[in-house]
$ cat structure_1.pdb   # PDB, C-alpha atoms
MODEL        1
ATOM      1  CA  MET A 245       0.000   0.000   0.000  1.00  0.00           C
ATOM      2  CA  LEU A 246       2.871   2.355   0.739  1.00  0.00           C
ATOM      3  CA  ASN A 247       4.256   1.804  -2.775  1.00  0.00           C
ATOM      4  CA  ALA A 248       0.840   2.799  -4.181  1.00  0.00           C
ATOM      5  CA  GLY A 249       1.001   6.189  -2.429  1.00  0.00           C
ATOM      6  CA  PHE A 250      -1.003   5.482   0.725  1.00  0.00           C
ATOM      7  CA  HIS A 251       0.178   6.637   4.117  1.00  0.00           C
ATOM      8  CA  ARG A 252      -1.036   5.637   7.588  1.00  0.00           C
ATOM      9  CA  ALA A 253      -1.571   2.176   6.101  1.00  0.00           C
ATOM     10  CA  SER A 254      -2.533  -0.583   8.482  1.00  0.00           C
ATOM     11  CA  LEU A 255      -4.039  -4.036   8.688  1.00  0.00           C
ATOM     12  CA  ASN A 256      -7.139  -3.499  10.849  1.00  0.00           C
ATOM     13  CA  ALA A 257      -8.684  -6.951  11.189  1.00  0.00           C
ATOM     14  CA  TYR A 258      -9.194 -10.344   9.650  1.00  0.00           C
ATOM     15  CA  THR A 259     -12.721 -11.033   8.424  1.00  0.00           C
ATOM     16  CA  GLY A 260     -12.685 -14.770   9.105  1.00  0.00           C
ATOM     17  CA  PHE A 261     -13.653 -15.487   5.490  1.00  0.00           C
ATOM     18  CA  LYS A 262     -11.400 -18.138   3.997  1.00  0.00           C
ATOM     19  CA  SER A 263     -11.571 -18.571   0.239  1.00  0.00           C
ATOM     20  CA  SER A 264      -9.021 -21.399   0.316  1.00  0.00           C
ATOM     21  CA  PRO A 265      -6.883 -23.181   2.903  1.00  0.00           C
ATOM     22  CA  TYR A 266      -4.155 -20.593   2.221  1.00  0.00           C
ATOM     23  CA  THR A 267      -6.035 -17.283   2.065  1.00  0.00           C
ATOM     24  CA  GLU A 268      -8.092 -15.273   4.529  1.00  0.00           C
ATOM     25  CA  GLY A 269      -9.980 -12.022   4.043  1.00  0.00           C
ATOM     26  CA  ALA A 270      -8.667  -8.934   5.783  1.00  0.00           C
ATOM     27  CA  LEU A 271      -9.616  -5.279   6.216  1.00  0.00           C
ATOM     28  CA  PHE A 272      -6.983  -2.657   5.516  1.00  0.00           C
ATOM     29  CA  TYR A 273      -6.977   1.092   6.129  1.00  0.00           C
ATOM     30  CA  GLY A 274      -4.980   3.744   4.328  1.00  0.00           C
ATOM     31  CA  GLU A 275      -5.124   7.418   3.435  1.00  0.00           C
ATOM     32  CA  LYS A 276      -4.088   8.877   0.124  1.00  0.00           C
ATOM     33  CA  LEU A 277      -3.701  12.516  -0.771  1.00  0.00           C
ATOM     34  CA  VAL A 278      -5.958  13.748  -3.563  1.00  0.00           C
ATOM     35  CA  ASP A 279      -4.349  15.328  -6.607  1.00  0.00           C
ATOM     36  CA  VAL A 280      -5.421  18.955  -7.176  1.00  0.00           C
ATOM     37  CA  LYS A 281      -6.970  18.126 -10.579  1.00  0.00           C
ATOM     38  CA  ALA A 282      -8.862  15.194  -9.063  1.00  0.00           C
ATOM     39  CA  ALA A 283     -10.149  17.387  -6.239  1.00  0.00           C
ATOM     40  CA  GLU A 284     -11.380  19.979  -8.757  1.00  0.00           C
ATOM     41  CA  ALA A 285     -13.141  17.260 -10.788  1.00  0.00           C
ATOM     42  CA  ILE A 286     -14.866  15.928  -7.673  1.00  0.00           C
ATOM     43  CA  THR A 287     -15.917  19.414  -6.570  1.00  0.00           C
ATOM     44  CA  ALA A 288     -17.321  20.155 -10.040  1.00  0.00           C
ATOM     45  CA  GLN A 289     -19.568  17.083  -9.834  1.00  0.00           C
ATOM     46  CA  VAL A 290     -21.016  17.960  -6.417  1.00  0.00           C
ATOM     47  CA  GLU A 291     -23.997  20.290  -6.248  1.00  0.00           C
ATOM     48  CA  GLN A 292     -23.137  23.176  -3.944  1.00  0.00           C
ATOM     49  CA  LEU A 293     -26.122  24.274  -1.867  1.00  0.00           C
ATOM     50  CA  THR A 294     -26.131  27.637  -0.134  1.00  0.00           C
ATOM     51  CA  GLU A 295     -29.340  26.922   1.802  1.00  0.00           C
ATOM     52  CA  PRO A 296     -31.538  23.866   2.337  1.00  0.00           C
ATOM     53  CA  LYS A 297     -34.101  23.023  -0.332  1.00  0.00           C
ATOM     54  CA  LYS A 298     -37.668  24.040   0.526  1.00  0.00           C
ATOM     55  CA  VAL A 299     -40.254  21.303   0.122  1.00  0.00           C
ATOM     56  CA  GLU A 300     -43.902  22.263  -0.374  1.00  0.00           C
ATOM     57  CA  CYS A 301     -46.397  20.008   1.389  1.00  0.00           C
ATOM     58  CA  ALA A 302     -50.081  19.639   0.524  1.00  0.00           C
ATOM     59  CA  PRO A 303     -52.540  20.703   3.271  1.00  0.00           C
ATOM     60  CA  GLY A 304     -53.075  17.961   5.850  1.00  0.00           C
ATOM     61  CA  PHE A 305     -49.649  16.382   5.368  1.00  0.00           C
ATOM     62  CA  ALA A 306     -46.688  17.018   7.620  1.00  0.00           C
TER      63      ALA A 306
ENDMDL
END

$ encode --input "structure_1.pdb" --output "structure tokens"
Amino acid sequence: MLNAGFHRASLNAYTGFKSSPYTEGALFYGEKLVDVKAAEAITAQVEQLTEPKKVECAPGFA
């Protein structure tokens, strides 16, 4: 994971799932810094709301 650019990489736990006598599932954690261009692309895809949306309700409904 470190070679792939992750930092704070750790093996958190084994899942107990065994797909063969020689392998067992595991949960890993790692953080990776986001490239500036990637961050801009993600931000462009997210709708920025300045205030909550107002929902009109018909009379008698909460």

$ residues_around --input "structure_1.pdb" --residues "stretch 273-290 of chain A" --least-positions-apart "3" --cutoff "8 Å" --atoms "only C-alpha atoms" --output "short mmCIF file (atom, residue, chain, number, x, y, z; two decimals) with C-alpha atoms, keeping the file's coordinate frame"
data_model
loop_
_atom_site.label_atom_id
_atom_site.label_comp_id
_atom_site.auth_asym_id
_atom_site.auth_seq_id
_atom_site.Cartn_x
_atom_site.Cartn_y
_atom_site.Cartn_z
CA MET A 245 0.00 0.00 0.00
CA GLY A 249 1.00 6.19 -2.43
CA PHE A 250 -1.00 5.48 0.72
CA HIS A 251 0.18 6.64 4.12
CA ARG A 252 -1.04 5.64 7.59
CA ALA A 253 -1.57 2.18 6.10
CA SER A 254 -2.53 -0.58 8.48
CA LEU A 255 -4.04 -4.04 8.69
CA ASN A 256 -7.14 -3.50 10.85
#

$ atom_distance --input "structure_1.pdb" --atom1 "atom CA of A:Tyr258" --atom2 "atom CA of A:Phe272"
9.0 Å

$ axis_aligned_box --input "structure_1.pdb" --around "stretch 279-287 of chain A" --padding-each-side "3 Å" --output "AutoDock Vina command-line options"
--center_x -10.1 --center_y 17.6 --center_z -8.5 --size_x 17.6 --size_y 10.8 --size_z 10.5

$ atom_distance --input "structure_1.pdb" --atom1 "atom CA of A:Gly260" --atom2 "atom CA of A:Asn247"
26.5 Å

$ residues_near_point --input "structure_1.pdb" --point "(-8.4, -8.4, 6.2)" --cutoff "6 Å" --atoms "all atoms listed in the file" --output "ChimeraX atom specification"
/A:257-259,269-272

$ atom_distance --input "structure_1.pdb" --atom1 "atom CA of A:Lys262" --atom2 "atom CA of A:Ala248"
25.6 Å

$ decode --input "structure_1.pdb" --residues "stretch 263-292 of chain A" --atoms "N, CA and C atoms" --output "PDB file, in the first residue's frame"
ATOM      1  N   SER A 263     -11.212 -18.150   1.591  1.00  0.00           N
ATOM      2  CA  SER A 263     -11.571 -18.571   0.239  1.00  0.00           C
ATOM      3  C   SER A 263     -10.794 -19.805  -0.194  1.00  0.00           C
ATOM      4  N   SER A 264      -9.779 -20.172   0.558  1.00  0.00           N
ATOM      5  CA  SER A 264      -9.021 -21.399   0.316  1.00  0.00           C
ATOM      6  C   SER A 264      -8.281 -21.720   1.612  1.00  0.00           C
ATOM      7  N   PRO A 265      -7.639 -22.856   1.686  1.00  0.00           N
ATOM      8  CA  PRO A 265      -6.883 -23.181   2.903  1.00  0.00           C
ATOM      9  C   PRO A 265      -5.696 -22.240   3.147  1.00  0.00           C
ATOM     10  N   TYR A 266      -5.336 -21.440   2.119  1.00  0.00           N
ATOM     11  CA  TYR A 266      -4.155 -20.593   2.221  1.00  0.00           C
ATOM     12  C   TYR A 266      -4.447 -19.103   2.239  1.00  0.00           C
ATOM     13  N   THR A 267      -5.713 -18.713   2.105  1.00  0.00           N
ATOM     14  CA  THR A 267      -6.035 -17.283   2.065  1.00  0.00           C
ATOM     15  C   THR A 267      -7.137 -16.960   3.061  1.00  0.00           C
ATOM     16  N   GLU A 268      -7.072 -15.739   3.596  1.00  0.00           N
ATOM     17  CA  GLU A 268      -8.092 -15.273   4.529  1.00  0.00           C
ATOM     18  C   GLU A 268      -8.346 -13.791   4.262  1.00  0.00           C
ATOM     19  N   GLY A 269      -9.619 -13.413   4.285  1.00  0.00           N
ATOM     20  CA  GLY A 269      -9.980 -12.022   4.043  1.00  0.00           C
ATOM     21  C   GLY A 269      -9.482 -11.118   5.155  1.00  0.00           C
ATOM     22  N   ALA A 270      -9.165  -9.897   4.802  1.00  0.00           N
ATOM     23  CA  ALA A 270      -8.667  -8.934   5.783  1.00  0.00           C
ATOM     24  C   ALA A 270      -9.148  -7.535   5.418  1.00  0.00           C
ATOM     25  N   LEU A 271      -9.224  -6.675   6.417  1.00  0.00           N
ATOM     26  CA  LEU A 271      -9.616  -5.279   6.216  1.00  0.00           C
ATOM     27  C   LEU A 271      -8.395  -4.395   6.435  1.00  0.00           C
ATOM     28  N   PHE A 272      -8.112  -3.572   5.439  1.00  0.00           N
ATOM     29  CA  PHE A 272      -6.983  -2.657   5.516  1.00  0.00           C
ATOM     30  C   PHE A 272      -7.478  -1.221   5.563  1.00  0.00           C
ATOM     31  N   TYR A 273      -6.673  -0.333   6.097  1.00  0.00           N
ATOM     32  CA  TYR A 273      -6.977   1.092   6.129  1.00  0.00           C
ATOM     33  C   TYR A 273      -5.782   1.836   5.566  1.00  0.00           C
ATOM     34  N   GLY A 274      -6.047   2.903   4.826  1.00  0.00           N
ATOM     35  CA  GLY A 274      -4.980   3.744   4.328  1.00  0.00           C
ATOM     36  C   GLY A 274      -5.541   5.068   3.861  1.00  0.00           C
ATOM     37  N   GLU A 275      -4.732   6.090   3.913  1.00  0.00           N
ATOM     38  CA  GLU A 275      -5.124   7.418   3.435  1.00  0.00           C
ATOM     39  C   GLU A 275      -4.238   7.789   2.259  1.00  0.00           C
ATOM     40  N   LYS A 276      -4.843   8.461   1.299  1.00  0.00           N
ATOM     41  CA  LYS A 276      -4.088   8.877   0.124  1.00  0.00           C
ATOM     42  C   LYS A 276      -4.455  10.317  -0.184  1.00  0.00           C
ATOM     43  N   LEU A 277      -3.458  11.124  -0.431  1.00  0.00           N
ATOM     44  CA  LEU A 277      -3.701  12.516  -0.771  1.00  0.00           C
ATOM     45  C   LEU A 277      -4.347  12.611  -2.141  1.00  0.00           C
ATOM     46  N   VAL A 278      -5.256  13.569  -2.300  1.00  0.00           N
ATOM     47  CA  VAL A 278      -5.958  13.748  -3.563  1.00  0.00           C
ATOM     48  C   VAL A 278      -5.209  14.762  -4.408  1.00  0.00           C
ATOM     49  N   ASP A 279      -4.976  14.424  -5.655  1.00  0.00           N
ATOM     50  CA  ASP A 279      -4.349  15.328  -6.607  1.00  0.00           C
ATOM     51  C   ASP A 279      -5.238  16.556  -6.794  1.00  0.00           C
ATOM     52  N   VAL A 280      -4.652  17.719  -7.021  1.00  0.00           N
ATOM     53  CA  VAL A 280      -5.421  18.955  -7.176  1.00  0.00           C
ATOM     54  C   VAL A 280      -6.437  18.840  -8.309  1.00  0.00           C
ATOM     55  N   LYS A 281      -6.044  18.273  -9.454  1.00  0.00           N
ATOM     56  CA  LYS A 281      -6.970  18.126 -10.579  1.00  0.00           C
ATOM     57  C   LYS A 281      -8.112  17.186 -10.219  1.00  0.00           C
ATOM     58  N   ALA A 282      -7.814  16.127  -9.482  1.00  0.00           N
ATOM     59  CA  ALA A 282      -8.862  15.194  -9.063  1.00  0.00           C
ATOM     60  C   ALA A 282      -9.826  15.877  -8.105  1.00  0.00           C
ATOM     61  N   ALA A 283      -9.302  16.680  -7.194  1.00  0.00           N
ATOM     62  CA  ALA A 283     -10.149  17.387  -6.239  1.00  0.00           C
ATOM     63  C   ALA A 283     -11.071  18.364  -6.963  1.00  0.00           C
ATOM     64  N   GLU A 284     -10.550  19.048  -7.984  1.00  0.00           N
ATOM     65  CA  GLU A 284     -11.380  19.979  -8.757  1.00  0.00           C
ATOM     66  C   GLU A 284     -12.469  19.226  -9.519  1.00  0.00           C
ATOM     67  N   ALA A 285     -12.154  18.056 -10.061  1.00  0.00           N
ATOM     68  CA  ALA A 285     -13.141  17.260 -10.788  1.00  0.00           C
ATOM     69  C   ALA A 285     -14.242  16.782  -9.844  1.00  0.00           C
ATOM     70  N   ILE A 286     -13.868  16.371  -8.650  1.00  0.00           N
ATOM     71  CA  ILE A 286     -14.866  15.928  -7.673  1.00  0.00           C
ATOM     72  C   ILE A 286     -15.750  17.093  -7.256  1.00  0.00           C
ATOM     73  N   THR A 287     -15.159  18.231  -6.983  1.00  0.00           N
ATOM     74  CA  THR A 287     -15.917  19.414  -6.570  1.00  0.00           C
ATOM     75  C   THR A 287     -16.872  19.858  -7.661  1.00  0.00           C
ATOM     76  N   ALA A 288     -16.471  19.746  -8.921  1.00  0.00           N
ATOM     77  CA  ALA A 288     -17.321  20.155 -10.040  1.00  0.00           C
ATOM     78  C   ALA A 288     -18.547  19.253 -10.176  1.00  0.00           C
ATOM     79  N   GLN A 289     -18.462  18.026  -9.708  1.00  0.00           N
ATOM     80  CA  GLN A 289     -19.568  17.083  -9.834  1.00  0.00           C
ATOM     81  C   GLN A 289     -20.542  17.156  -8.656  1.00  0.00           C
ATOM     82  N   VAL A 290     -20.182  17.874  -7.617  1.00  0.00           N
ATOM     83  CA  VAL A 290     -21.016  17.960  -6.417  1.00  0.00           C
ATOM     84  C   VAL A 290     -21.822  19.246  -6.471  1.00  0.00           C
ATOM     85  N   GLU A 291     -23.126  19.122  -6.240  1.00  0.00           N
ATOM     86  CA  GLU A 291     -23.997  20.290  -6.248  1.00  0.00           C
ATOM     87  C   GLU A 291     -23.772  21.074  -4.959  1.00  0.00           C
ATOM     88  N   GLN A 292     -23.371  22.324  -5.095  1.00  0.00           N
ATOM     89  CA  GLN A 292     -23.137  23.176  -3.944  1.00  0.00           C
ATOM     90  C   GLN A 292     -24.431  23.880  -3.561  1.00  0.00           C
TER      91      GLN A 292
END
